[in-house]
Amino acid sequence: MPSPYRAIFSAPGTKGFSAAGFFGRMPLSMMGIGVVTMVSQLTGRYGLAGALSATLAMSAAVCGPQVSRLVDRHGQRRVLRPVTLVAVAAVGGLLICAQQGMPEWTLFVFSAGAGCVPSVGSMVRSRWAEIYRGSGRDLHTAYAWESIVDEVCFIFGPIISIGLSTAWFPEAGPLIAAGFLLVGVFWLTAQRATEPVPHPKSQQTGGSALRSRGLQVLGATFVATGAIFGAVDVVTVAFAEERGHKSAASLVLAVYALGSCLAGAVFGLLHLKGRPATRWLVGVVAMAVSMIPLQLAGNLPLLAVALFVAGLAVAPTMVTTMALVEAHVPRTKLTEGMTWTSTGLAVGVALGSSAAGWVVDAAGAKAGYAVPVAAGAFAAVVAFLGYRRLAGPATTGGRGEDDRHLRTDEDEHVA
C-alpha cells in the first residue's frame, strides 16, 4: 500500500470500519442490477425490470437523507440496525413475489421497502472526517481510499450479482446482496470507538443540510450523474444479451469500475493545488464527454474499452465532491450532507435505469446509450450554472475554527 494510504490506517479502528463499510456497500452495486437481471430472466421485460430498479433507487433517495439525519442526532448503532432489518425483510418479500409470479404491484411495494437502506458510504466517510478533522491532506487520502473501495464494490458486485442470477437461480443476486448489507451494517455498528458523537436536535440549527447552496448544486448535478450510471447498467445488460453473452455484462461493467478504481488510487496520491470546485467542474465535463463513444461501440470488447476510459473520470470527481460537501455543510449535519449526494445519485439511477429500459424495449440496446449521453450533457450544464456557488466562500452555518482551518488546508494542498 502506498505510504499516504498506509498512514491513514495508523489511527485505531480505521481498518475495521473501512472493511465493514466494504461489505455494507456491496449491495449498492448488486441490488439494482440484480433486480434487473432477475426480472428480465423471469419475465423478459426490460421495461418492468428498469421500473423496479428505479423504484428501489427512488425509495433509497427518499429514505436515505432521513436515516442519515436520524444518525446525526442519535448515532449510527441506534438507527442503522432496525432500518437494515426492514430493508432485508423487504428484499425477501420481493424475491418471493417475483419467484411466485405474483401481481406486479407487489413487486413495486417490496422494491420500495428494499430501498430503505442506510448510506453506508456516508457512515464510513463521517468516521474518517471525525478522525482527521483539521488535516486536509489525510482526509483527502481517506476519501480517495473510500472511492477506491466504492469502485472495487462496483468491479465485483455486478460480477457476483449477474453471475449468480444467470448461473444459479434468478433471485440469487439480490439475495446475496441483502446478506452483504446485513453483515456490513451489523459489523460497522458494533465498532463503537470510532462512531461519531451524535448531535441532538437541540444542538442543530438551520434545518436540513440541503439548505446549503453549494450542496444544492452538488445534489442536482449528481442526479444527472446517477442517470448515467443507471442507464449504463441497464443498457449494457441488454447489449450483451442481444449479442448472446448476457453473463458477460458483469465483466464489461467491472471494467468501467476498474477504470474509476485506478484513477482514484492515483488521485489519492497527488498533492494538487488550486480550487477543488474547478477540478470538480472539469471532472463532471469529462464524465459527460466520455459517454459519447459508447454509441459507436459495435461489440463487447470495444464497449469495454470505451467504458474503461469513461471510468477514469468517475472516482476523482467523487473524491472532490466529498471535500466540497465537507466544506459547505455544518459539522452537525455532515452525515446527512454526504447522504444528499448519494440521494442525488439514487434519483438519477432511478430516472436513468427507467428511461433506458423503455428505450431498449422500444428501439434496442444500442439506441439506449443515447440516455447516458443526454444525462451527461445535463450534468455538465448544471455544473457550469452552479460553479460560482461552489467556488465562492462556503456558508457553513457556524462551524468551528477547526473547520475553517480544514478548508484552508484543503484549498492549499488537496484536490
# chains A, B, ... in the order shown; residues from 1 in each chain; ligands from 1
$ residues_around --residues "Tyr143 (chain A)" --least-positions-apart "2" --cutoff "12 Å" --atoms "only C-alpha atoms" --output "compact mmCIF listing (two decimals) with all heavy atoms, in the first residue's frame"
# COMPACT_ATOMS: atom_id res chain seq x y z
N PRO A 4 0.89 7.20 1.69
CA PRO A 4 -0.22 8.01 2.18
C PRO A 4 -1.41 7.17 2.63
O PRO A 4 -2.09 7.51 3.61
CB PRO A 4 -0.58 8.88 0.96
CG PRO A 4 0.66 8.92 0.14
CD PRO A 4 1.28 7.57 0.31
N TYR A 5 -1.66 6.07 1.96
CA TYR A 5 -2.75 5.19 2.36
C TYR A 5 -2.39 4.44 3.64
O TYR A 5 -3.24 4.24 4.51
CB TYR A 5 -3.09 4.21 1.23
CG TYR A 5 -3.70 4.88 0.03
CD1 TYR A 5 -3.01 4.95 -1.18
CD2 TYR A 5 -4.97 5.46 0.09
CE1 TYR A 5 -3.57 5.57 -2.29
CE2 TYR A 5 -5.52 6.08 -1.01
CZ TYR A 5 -4.83 6.13 -2.20
OH TYR A 5 -5.39 6.76 -3.29
N ILE A 8 -2.97 6.73 6.83
CA ILE A 8 -4.31 6.99 7.36
C ILE A 8 -4.82 5.83 8.20
O ILE A 8 -5.69 6.02 9.06
CB ILE A 8 -5.32 7.31 6.24
CG1 ILE A 8 -5.49 6.13 5.28
CG2 ILE A 8 -4.93 8.58 5.51
CD1 ILE A 8 -6.61 6.31 4.26
N SER A 18 -13.50 0.47 7.89
CA SER A 18 -13.42 0.51 6.44
C SER A 18 -13.76 -0.84 5.83
O SER A 18 -14.45 -0.92 4.80
CB SER A 18 -12.02 0.94 6.00
OG SER A 18 -11.97 1.14 4.59
N GLY A 121 -21.72 4.22 2.82
CA GLY A 121 -20.56 5.01 2.44
C GLY A 121 -20.49 6.31 3.22
O GLY A 121 -19.40 6.74 3.65
N SER A 122 -21.62 6.97 3.42
CA SER A 122 -21.64 8.21 4.19
C SER A 122 -21.28 7.95 5.65
O SER A 122 -20.61 8.77 6.29
CB SER A 122 -23.03 8.86 4.10
OG SER A 122 -23.34 9.19 2.77
N VAL A 124 -19.28 5.64 6.80
CA VAL A 124 -17.84 5.40 6.90
C VAL A 124 -17.07 6.71 6.72
O VAL A 124 -16.13 7.01 7.47
CB VAL A 124 -17.40 4.36 5.85
CG1 VAL A 124 -15.88 4.23 5.83
CG2 VAL A 124 -18.04 3.01 6.15
N ARG A 125 -17.48 7.51 5.73
CA ARG A 125 -16.77 8.77 5.50
C ARG A 125 -16.92 9.73 6.68
O ARG A 125 -16.01 10.51 6.96
CB ARG A 125 -17.28 9.41 4.20
CG ARG A 125 -16.79 8.69 2.95
CD ARG A 125 -17.33 9.34 1.68
NE ARG A 125 -16.73 8.77 0.47
CZ ARG A 125 -17.21 7.73 -0.19
NH1 ARG A 125 -18.32 7.12 0.25
NH2 ARG A 125 -16.60 7.27 -1.25
N SER A 126 -18.05 9.69 7.34
CA SER A 126 -18.21 10.56 8.51
C SER A 126 -17.27 10.13 9.63
O SER A 126 -16.80 10.97 10.42
CB SER A 126 -19.66 10.54 8.99
OG SER A 126 -20.02 9.27 9.52
N ARG A 127 -16.93 8.84 9.71
CA ARG A 127 -15.94 8.38 10.70
C ARG A 127 -14.55 8.89 10.35
O ARG A 127 -13.80 9.32 11.23
CB ARG A 127 -15.97 6.86 10.79
CG ARG A 127 -17.27 6.31 11.36
CD ARG A 127 -17.19 4.82 11.67
NE ARG A 127 -18.48 4.32 12.17
CZ ARG A 127 -18.60 3.41 13.13
NH1 ARG A 127 -17.53 2.88 13.70
NH2 ARG A 127 -19.80 3.01 13.53
N TRP A 128 -14.21 8.85 9.07
CA TRP A 128 -12.92 9.41 8.66
C TRP A 128 -12.88 10.91 8.97
O TRP A 128 -11.84 11.42 9.43
CB TRP A 128 -12.72 9.21 7.16
CG TRP A 128 -12.34 7.83 6.72
CD1 TRP A 128 -13.07 6.98 5.94
CD2 TRP A 128 -11.12 7.11 7.02
NE1 TRP A 128 -12.40 5.80 5.74
CE2 TRP A 128 -11.20 5.85 6.39
CE3 TRP A 128 -9.99 7.43 7.77
CZ2 TRP A 128 -10.18 4.91 6.47
CZ3 TRP A 128 -8.97 6.49 7.86
CH2 TRP A 128 -9.06 5.25 7.22
N ALA A 129 -13.96 11.62 8.70
CA ALA A 129 -13.99 13.06 8.94
C ALA A 129 -13.82 13.38 10.42
O ALA A 129 -13.18 14.37 10.79
CB ALA A 129 -15.30 13.66 8.42
N TYR A 132 -9.91 12.69 11.18
CA TYR A 132 -8.92 13.55 10.53
C TYR A 132 -9.42 14.97 10.30
O TYR A 132 -8.90 15.67 9.44
CB TYR A 132 -8.47 12.93 9.21
CG TYR A 132 -7.60 11.71 9.42
CD1 TYR A 132 -8.00 10.46 8.95
CD2 TYR A 132 -6.41 11.80 10.11
CE1 TYR A 132 -7.21 9.34 9.16
CE2 TYR A 132 -5.61 10.69 10.33
CZ TYR A 132 -6.02 9.47 9.86
OH TYR A 132 -5.24 8.35 10.07
N GLY A 136 -6.37 18.30 6.24
CA GLY A 136 -6.92 18.20 4.90
C GLY A 136 -6.26 17.14 4.05
O GLY A 136 -6.92 16.44 3.28
N ARG A 137 -4.93 16.99 4.16
CA ARG A 137 -4.22 16.02 3.35
C ARG A 137 -4.65 14.60 3.69
O ARG A 137 -4.93 13.79 2.80
CB ARG A 137 -2.71 16.17 3.57
CG ARG A 137 -1.85 15.14 2.84
CD ARG A 137 -2.04 15.22 1.35
NE ARG A 137 -1.29 14.20 0.65
CZ ARG A 137 -1.46 13.86 -0.62
NH1 ARG A 137 -2.39 14.47 -1.33
NH2 ARG A 137 -0.74 12.92 -1.17
N ASP A 138 -4.70 14.27 4.98
CA ASP A 138 -5.11 12.92 5.39
C ASP A 138 -6.56 12.65 5.01
O ASP A 138 -6.91 11.53 4.60
CB ASP A 138 -4.93 12.74 6.90
CG ASP A 138 -3.47 12.65 7.30
OD1 ASP A 138 -2.64 12.23 6.46
OD2 ASP A 138 -3.14 13.00 8.45
N LEU A 139 -7.40 13.66 5.14
CA LEU A 139 -8.81 13.46 4.82
C LEU A 139 -9.00 13.26 3.31
O LEU A 139 -9.83 12.45 2.89
CB LEU A 139 -9.63 14.66 5.31
CG LEU A 139 -11.14 14.48 5.34
CD1 LEU A 139 -11.54 13.26 6.16
CD2 LEU A 139 -11.81 15.73 5.92
N HIS A 140 -8.22 13.98 2.52
CA HIS A 140 -8.25 13.77 1.07
C HIS A 140 -7.88 12.32 0.73
O HIS A 140 -8.56 11.67 -0.08
CB HIS A 140 -7.28 14.73 0.40
CG HIS A 140 -6.98 14.39 -1.03
ND1 HIS A 140 -7.88 14.60 -2.04
CD2 HIS A 140 -5.87 13.86 -1.61
CE1 HIS A 140 -7.34 14.21 -3.19
NE2 HIS A 140 -6.12 13.75 -2.96
N THR A 141 -6.83 11.82 1.36
CA THR A 141 -6.40 10.44 1.11
C THR A 141 -7.46 9.45 1.57
O THR A 141 -7.72 8.44 0.89
CB THR A 141 -5.07 10.15 1.83
OG1 THR A 141 -4.08 11.10 1.42
CG2 THR A 141 -4.56 8.75 1.50
N TRP A 145 -9.39 6.78 -0.67
CA TRP A 145 -9.43 5.35 -0.35
C TRP A 145 -10.86 4.82 -0.41
O TRP A 145 -11.11 3.74 -0.96
CB TRP A 145 -8.83 5.10 1.03
CG TRP A 145 -9.06 3.70 1.52
CD1 TRP A 145 -9.97 3.28 2.44
CD2 TRP A 145 -8.37 2.53 1.06
NE1 TRP A 145 -9.89 1.93 2.60
CE2 TRP A 145 -8.93 1.44 1.77
CE3 TRP A 145 -7.37 2.31 0.13
CZ2 TRP A 145 -8.49 0.12 1.56
CZ3 TRP A 145 -6.93 1.00 -0.06
CH2 TRP A 145 -7.50 -0.07 0.64
N GLU A 146 -11.79 5.57 0.16
CA GLU A 146 -13.17 5.10 0.16
C GLU A 146 -13.76 5.09 -1.24
O GLU A 146 -14.62 4.25 -1.55
CB GLU A 146 -14.02 5.97 1.10
CG GLU A 146 -13.68 5.79 2.57
CD GLU A 146 -13.76 4.33 3.03
OE1 GLU A 146 -14.68 3.62 2.58
OE2 GLU A 146 -12.90 3.92 3.83
N SER A 147 -13.31 5.98 -2.11
CA SER A 147 -13.75 5.92 -3.50
C SER A 147 -13.19 4.68 -4.19
O SER A 147 -13.87 4.07 -5.02
CB SER A 147 -13.30 7.18 -4.26
OG SER A 147 -14.05 8.31 -3.84
N ILE A 148 -11.97 4.31 -3.83
CA ILE A 148 -11.41 3.06 -4.35
C ILE A 148 -12.26 1.88 -3.89
O ILE A 148 -12.58 0.98 -4.67
CB ILE A 148 -9.95 2.88 -3.89
CG1 ILE A 148 -9.06 3.96 -4.50
CG2 ILE A 148 -9.43 1.49 -4.26
CD1 ILE A 148 -7.66 3.99 -3.94
N VAL A 149 -12.63 1.88 -2.62
CA VAL A 149 -13.48 0.81 -2.09
C VAL A 149 -14.81 0.78 -2.83
O VAL A 149 -15.32 -0.30 -3.19
CB VAL A 149 -13.71 0.99 -0.57
CG1 VAL A 149 -14.71 -0.04 -0.05
CG2 VAL A 149 -12.40 0.86 0.20
N ASP A 150 -15.38 1.97 -3.08
CA ASP A 150 -16.63 2.03 -3.86
C ASP A 150 -16.46 1.33 -5.20
O ASP A 150 -17.31 0.53 -5.62
CB ASP A 150 -17.03 3.49 -4.11
CG ASP A 150 -17.64 4.16 -2.90
OD1 ASP A 150 -18.11 3.43 -2.00
OD2 ASP A 150 -17.65 5.39 -2.84
N GLY A 264 -8.86 6.65 -9.14
CA GLY A 264 -9.00 7.07 -7.75
C GLY A 264 -7.75 6.79 -6.94
O GLY A 264 -7.34 7.59 -6.09
N ALA A 265 -7.10 5.64 -7.20
CA ALA A 265 -5.88 5.29 -6.48
C ALA A 265 -4.78 6.29 -6.76
O ALA A 265 -4.06 6.73 -5.84
CB ALA A 265 -5.43 3.88 -6.87
N PHE A 267 -5.23 9.39 -7.88
CA PHE A 267 -5.68 10.71 -7.42
C PHE A 267 -5.41 10.90 -5.93
O PHE A 267 -5.08 12.00 -5.48
CB PHE A 267 -7.18 10.86 -7.72
CG PHE A 267 -7.70 12.25 -7.56
CD1 PHE A 267 -7.35 13.25 -8.44
CD2 PHE A 267 -8.57 12.57 -6.53
CE1 PHE A 267 -7.83 14.54 -8.31
CE2 PHE A 267 -9.07 13.85 -6.37
CZ PHE A 267 -8.70 14.84 -7.27
N GLY A 268 -5.56 9.82 -5.16
CA GLY A 268 -5.31 9.91 -3.73
C GLY A 268 -3.87 10.17 -3.37
O GLY A 268 -3.56 10.61 -2.25
N LEU A 269 -2.94 9.90 -4.29
CA LEU A 269 -1.52 10.12 -4.04
C LEU A 269 -1.06 11.51 -4.42
O LEU A 269 0.04 11.93 -4.04
CB LEU A 269 -0.70 9.09 -4.85
CG LEU A 269 -0.95 7.62 -4.54
CD1 LEU A 269 -0.15 6.75 -5.50
CD2 LEU A 269 -0.58 7.29 -3.10
N ALA A 315 -14.00 8.39 -10.19
CA ALA A 315 -13.53 8.46 -8.80
C ALA A 315 -12.93 9.82 -8.43
O ALA A 315 -13.23 10.35 -7.36
CB ALA A 315 -12.54 7.33 -8.52
N PRO A 316 -12.08 10.42 -9.27
CA PRO A 316 -11.58 11.75 -8.90
C PRO A 316 -12.68 12.77 -8.68
O PRO A 316 -12.59 13.61 -7.78
CB PRO A 316 -10.70 12.13 -10.10
CG PRO A 316 -10.24 10.83 -10.66
CD PRO A 316 -11.43 9.91 -10.49
N THR A 317 -13.74 12.69 -9.49
CA THR A 317 -14.86 13.61 -9.30
C THR A 317 -15.57 13.35 -7.99
O THR A 317 -15.96 14.28 -7.28
CB THR A 317 -15.85 13.47 -10.48
OG1 THR A 317 -15.16 13.63 -11.71
CG2 THR A 317 -16.95 14.52 -10.38
N MET A 318 -15.73 12.07 -7.63
CA MET A 318 -16.39 11.72 -6.38
C MET A 318 -15.57 12.17 -5.16
O MET A 318 -16.13 12.66 -4.17
CB MET A 318 -16.62 10.21 -6.31
CG MET A 318 -17.52 9.66 -7.40
SD MET A 318 -19.17 10.40 -7.35
CE MET A 318 -19.94 9.56 -8.73
N VAL A 319 -14.25 11.99 -5.24
CA VAL A 319 -13.38 12.41 -4.13
C VAL A 319 -13.51 13.91 -3.91
O VAL A 319 -13.66 14.39 -2.77
CB VAL A 319 -11.92 12.03 -4.42
CG1 VAL A 319 -10.99 12.61 -3.35
CG2 VAL A 319 -11.76 10.52 -4.47
N THR A 320 -13.44 14.67 -4.98
CA THR A 320 -13.55 16.13 -4.86
C THR A 320 -14.92 16.54 -4.35
O THR A 320 -15.05 17.51 -3.59
CB THR A 320 -13.27 16.78 -6.23
OG1 THR A 320 -12.04 16.29 -6.75
CG2 THR A 320 -13.17 18.28 -6.10
N THR A 321 -15.94 15.80 -4.73
CA THR A 321 -17.29 16.08 -4.24
C THR A 321 -17.36 15.97 -2.73
O THR A 321 -17.95 16.84 -2.05
CB THR A 321 -18.30 15.12 -4.88
OG1 THR A 321 -18.32 15.32 -6.30
CG2 THR A 321 -19.70 15.35 -4.32
N MET A 322 -16.76 14.93 -2.16
CA MET A 322 -16.80 14.76 -0.71
C MET A 322 -16.08 15.90 0.00
O MET A 322 -16.51 16.37 1.06
CB MET A 322 -16.17 13.42 -0.33
CG MET A 322 -17.01 12.20 -0.70
SD MET A 322 -18.68 12.20 0.02
CE MET A 322 -19.66 12.57 -1.43
N ALA A 323 -14.97 16.36 -0.58
CA ALA A 323 -14.27 17.50 0.01
C ALA A 323 -15.14 18.75 -0.03
O ALA A 323 -15.15 19.55 0.93
CB ALA A 323 -12.96 17.74 -0.75
N LEU A 324 -15.88 18.94 -1.11
CA LEU A 324 -16.77 20.10 -1.22
C LEU A 324 -17.94 20.01 -0.25
O LEU A 324 -18.36 21.01 0.34
CB LEU A 324 -17.27 20.24 -2.66
CG LEU A 324 -16.22 20.66 -3.69
CD1 LEU A 324 -16.77 20.55 -5.10
CD2 LEU A 324 -15.74 22.09 -3.43
N VAL A 325 -18.48 18.81 -0.08
CA VAL A 325 -19.56 18.63 0.90
C VAL A 325 -19.05 18.98 2.29
O VAL A 325 -19.71 19.70 3.05
CB VAL A 325 -20.08 17.18 0.87
CG1 VAL A 325 -21.03 16.94 2.06
CG2 VAL A 325 -20.80 16.90 -0.43
N GLU A 326 -17.87 18.47 2.64
CA GLU A 326 -17.31 18.72 3.97
C GLU A 326 -17.08 20.21 4.20
O GLU A 326 -17.18 20.70 5.33
CB GLU A 326 -16.00 17.94 4.09
CG GLU A 326 -15.62 17.56 5.51
CD GLU A 326 -14.95 18.70 6.24
OE1 GLU A 326 -14.39 19.59 5.58
OE2 GLU A 326 -14.98 18.70 7.49
N MET A 338 -23.51 14.35 3.26
CA MET A 338 -22.91 13.35 2.38
C MET A 338 -23.97 12.46 1.75
O MET A 338 -23.85 12.04 0.60
CB MET A 338 -21.90 12.50 3.16
CG MET A 338 -20.65 13.26 3.55
SD MET A 338 -19.49 12.21 4.46
CE MET A 338 -18.06 13.30 4.58
N VAL A 414 -5.03 19.91 -1.31
CA VAL A 414 -5.70 18.70 -1.79
C VAL A 414 -6.57 18.99 -2.99
O VAL A 414 -6.85 20.12 -3.32
CB VAL A 414 -6.57 18.05 -0.68
CG1 VAL A 414 -5.72 17.77 0.53
CG2 VAL A 414 -7.74 18.91 -0.32
N ALA A 415 -6.99 17.89 -3.60
CA ALA A 415 -7.86 18.01 -4.77
C ALA A 415 -9.27 18.22 -4.36
O ALA A 415 -9.69 17.75 -3.32
CB ALA A 415 -7.75 16.76 -5.60
$ closest_atom_pairs --of "region 3-48 of chain A" --to "region 161-175 of chain A" --cutoff "9 Å" --atoms "only C-alpha atoms" --output "Markdown table"
| residue | atom | partner | partner_atom | distance |
| --- | --- | --- | --- | --- |
| A:Pro27 | CA | A:Pro174 | CA | 8.0 |
| A:Ser29 | CA | A:Ser161 | CA | 8.5 |
| A:Met30 | CA | A:Ser161 | CA | 5.4 |
| A:Met31 | CA | A:Pro174 | CA | 5.2 |
| A:Gly32 | CA | A:Pro174 | CA | 8.0 |
| A:Ile33 | CA | A:Ser161 | CA | 7.2 |
| A:Gly34 | CA | A:Gly173 | CA | 5.0 |
| A:Val35 | CA | A:Pro174 | CA | 6.4 |
| A:Thr37 | CA | A:Ile162 | CA | 6.4 |
| A:Met38 | CA | A:Pro170 | CA | 4.6 |
| A:Val39 | CA | A:Pro170 | CA | 7.8 |
| A:Gln41 | CA | A:Pro170 | CA | 6.6 |
| A:Leu42 | CA | A:Pro170 | CA | 7.2 |
$ residues_around --residues "region 295-301 of chain A" --least-positions-apart "2" --cutoff "8 Å" --atoms "only C-alpha atoms" --output "list of chain:residue names"
A:Ala240, A:Arg243, A:Val252, A:Met291, A:Ile292, A:Pro293, A:Leu303, A:Ala304, A:Val305, A:Ala306, A:Lys366, A:Ala367, A:Tyr369, A:Ala370
$ atom_distance --atom1 "CA of Gly214 (chain A)" --atom2 "CA of Leu281 (chain A)"
13.0 Å
$ atom_distance --atom1 "CA of Leu302 (chain A)" --atom2 "CA of Val255 (chain A)"
11.5 Å
$ closest_residue --among "A:Leu94, A:Met58, A:Ala286, A:Val67" --to "Val314 (chain A)" --atoms "only C-alpha atoms"
A:Ala286
$ atom_distance --atom1 "CA of Cys63 (chain A)" --atom2 "CA of Trp187 (chain A)"
21.6 Å
$ select_by_dssp --residues "region 277-308 of chain A" --states "helix (DSSP H, G or I)" --output "PyMOL selection string"
chain A and resi 277-289+292-296+300-308
$ residues_around --residues "Ala54 (chain A)" --least-positions-apart "2" --cutoff "10 Å" --atoms "only C-alpha atoms" --output "list in words"
Gly32, Val36, Leu48, Ala49, Gly50, Ala51, Leu52, Leu56, Ala57, Met58, Ser59, Ala60, Phe108, Ser111, Ala112, Gly115, Gly230, Ala346, Val347, Gly348, Val349, Ala350, Leu351, Gly352, Ser353, Ser354, Ala355 and Gly357 of chain A
$ closest_residue --among "A:Arg77, A:Arg388, A:His328, A:Arg69" --to "Gln191 (chain A)" --atoms "only C-alpha atoms"
A:Arg77
$ residues_around --residues "Ser119 (chain A)" --least-positions-apart "5" --cutoff "8 Å" --atoms "only C-alpha atoms" --output "ChimeraX atom specification"
/A:64,68,339,342
$ closest_residue --among "A:Val86, A:Ala220, A:Val382, A:Val360" --to "Val232 (chain A)" --atoms "only C-alpha atoms"
A:Val360
